[in-house]
Each structure stands twice: as structure tokens, then as C-alpha cells.
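Down below is the structure, laid out as C-alpha cells.
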Amino acid sequence: MRIPRIYLETTMFNYYYEPEREAHADTVKLFEEIKEGKYQAFTSVYATREILRAPDERAQKMISLISEYGVTILEAAEEADALATTYQKQGIIPQGS
């Protein structure tokens, strides 16, 4: 049986540490399912860069989730950078995102 692959963007790492958020419980459950092998999880260097802009203690907690739950970090790609630049120029996503 093939294991479903999922991409975790920055919000998922934030919600894990925000119990007041409505999605917190579902996020923690998802991370546990990743640990159990129900999903193969990925994030990217783009997400990790964004995480590292958080205050130090918070950033370290979020980064630790990557190794704790075996999340694979995808490397940067020229195509992704070019697409992001186009989206930013057209106002689809804000500068710095």
C-alpha cells in the first residue's frame, strides 16, 4: 500500500504550538499520524526560512518538529523561485513570502 504524501507549510508548525487555535488538536493529531507512518511528510527550505524568522525559542520548537516527526525538507528549485517572483510582481503573494 502506498503511503500518502503531504506538504506541511509554515502554518502547520505554528498551530502545533498554539492550543488556543481551533485547528490545534487536528494539527497535533496529524503530526502523530505522520509519526505512525500514515503519511510521508514534506516541507521545504522556503518554509524553514520562514520559521527561522520567528522569535528564537519559538523557531527552535517549530524546527524541532521536523526531526522529531521525520519530515523531509525539499530543496529550493529555480522554477519555484521564478514562480514566486512572478506571483510577487503581480501582487498575488506579498513580497518576502
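Order determines the names: the first chain of the C-alpha cells is A, the second B, and so forth; residues in each chain are numbered 1 upward, and ligands are numbered 1 upward as they are shown.
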
Using only C-alpha atoms, what does the table of range 47-74 of chain A residues within 9 Å of range 38-42 of chain A look like, with each row giving the shortest atom pair and its distance in Å to one decimal, sorted by chain and ascending number, as a Markdown table?
| residue | atom | partner | partner_atom | distance |
| --- | --- | --- | --- | --- |
| A:Ile66 | CA | A:Phe42 | CA | 8.9 |
| A:Tyr69 | CA | A:Ala41 | CA | 8.4 |
| A:Gly70 | CA | A:Ala41 | CA | 7.5 |
| A:Val71 | CA | A:Ala41 | CA | 5.0 |
| A:Thr72 | CA | A:Phe42 | CA | 4.6 |
| A:Ile73 | CA | A:Phe42 | CA | 5.8 |
| A:Leu74 | CA | A:Phe42 | CA | 6.8 |

Can those selected residues be exported to a file as a JSON list (two decimals), in the first residue's frame so that it contains N, CA and C atoms?
[["chain", "number", "residue", "atom", "x", "y", "z"],
["A", 66, "ILE", "N", 10.47, 19.03, 12.81],
["A", 66, "ILE", "CA", 10.91, 18.42, 11.55],
["A", 66, "ILE", "C", 11.66, 17.13, 11.82],
["A", 69, "TYR", "N", 9.45, 14.35, 13.93],
["A", 69, "TYR", "CA", 8.43, 13.62, 13.19],
["A", 69, "TYR", "C", 8.91, 13.13, 11.82],
["A", 70, "GLY", "N", 10.20, 13.27, 11.56],
["A", 70, "GLY", "CA", 10.77, 12.73, 10.32],
["A", 70, "GLY", "C", 10.27, 13.41, 9.06],
["A", 71, "VAL", "N", 10.08, 14.72, 9.13],
["A", 71, "VAL", "CA", 9.61, 15.48, 7.98],
["A", 71, "VAL", "C", 10.80, 15.72, 7.04],
["A", 72, "THR", "N", 10.64, 15.41, 5.78],
["A", 72, "THR", "CA", 11.69, 15.61, 4.78],
["A", 72, "THR", "C", 11.66, 17.06, 4.29],
["A", 73, "ILE", "N", 12.83, 17.68, 4.22],
["A", 73, "ILE", "CA", 12.93, 19.06, 3.73],
["A", 73, "ILE", "C", 13.29, 19.03, 2.25],
["A", 74, "LEU", "N", 12.43, 19.62, 1.44],
["A", 74, "LEU", "CA", 12.68, 19.72, -0.01],
["A", 74, "LEU", "C", 13.56, 20.93, -0.28]]

Review point. Between A:Leu83, A:Leu52, A:Met12, A:Met62, which is the closest to Val28 in chain A once you count only C-alpha atoms?
Key: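 Among A:Leu83, A:Leu52, A:Met12, A:Met62, it is A:Met12 that comes nearest to Val28 in chain A.
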
**Study point:** Two-atom distance - CA of Glu50 in chain A, CA of Thr11 in chain A (Å)
**Key:**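 Computing it gives 10.1 Å between the two atoms.
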
Review point. Which of range 10-81 of chain A counts as strand (DSSP E) under DSSP, as an MDAnalysis selection string please?
Key: chainID A and resid 40:44 72:74

Review point. Would you give me, as a PyMOL selection string, the residues in range 35-96 of chain A that DSSP reads as helix (DSSP H, G or I)?
Key: chain A and resi 35+45-51+56-68+78-89

Next, write the just-selected residues to a file, as a short mmCIF file (atom, residue, chain, number, x, y, z; two decimals), in the first residue's frame, keeping C-alpha atoms as the atom set.
data_model
loop_
_atom_site.label_atom_id
_atom_site.label_comp_id
_atom_site.auth_asym_id
_atom_site.auth_seq_id
_atom_site.Cartn_x
_atom_site.Cartn_y
_atom_site.Cartn_z
CA LYS A 35 4.95 9.55 13.28
CA VAL A 45 13.66 25.21 2.68
CA TYR A 46 11.21 28.05 1.99
CA ALA A 47 9.09 27.05 4.99
CA THR A 48 12.13 26.55 7.22
CA ARG A 49 13.43 30.01 6.28
CA GLU A 50 10.08 31.48 7.26
CA ILE A 51 10.06 29.52 10.53
CA ASP A 56 14.34 32.23 18.69
CA GLU A 57 12.58 29.99 21.21
CA ARG A 58 9.52 29.59 19.01
CA ALA A 59 11.60 28.97 15.89
CA GLN A 60 13.63 26.26 17.60
CA LYS A 61 10.48 24.50 18.82
CA MET A 62 8.98 24.53 15.32
CA ILE A 63 12.23 23.38 13.68
CA SER A 64 12.49 20.52 16.20
CA LEU A 65 9.19 19.13 14.87
CA ILE A 66 10.91 18.42 11.55
CA SER A 67 13.37 15.95 13.03
CA GLU A 68 11.03 14.67 15.74
CA GLU A 78 14.82 27.54 -9.78
CA GLU A 79 11.31 27.00 -11.12
CA ALA A 80 9.78 27.64 -7.69
CA ASP A 81 11.87 30.79 -7.22
CA ALA A 82 10.85 32.08 -10.66
CA LEU A 83 7.18 31.37 -9.98
CA ALA A 84 7.35 33.11 -6.60
CA THR A 85 8.96 36.16 -8.21
CA THR A 86 6.20 36.28 -10.82
CA TYR A 87 3.50 35.97 -8.15
CA GLN A 88 5.09 38.74 -6.10
CA LYS A 89 5.41 41.07 -9.10
#

Review point. Pick the closest to Arg5 in chain A from A:Asp26, A:Glu18, A:Glu33, A:Glu75: which is it, counting only C-alpha atoms?
Key: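 That would be A:Glu33, the residue with the smallest distance to Arg5 in chain A.
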
Review point. What is the CA of Tyr16 in chain A-CA of Lys29 in chain A distance in Å, reported with one decimal?
Key: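 Interatomic distance here is 9.4 Å.
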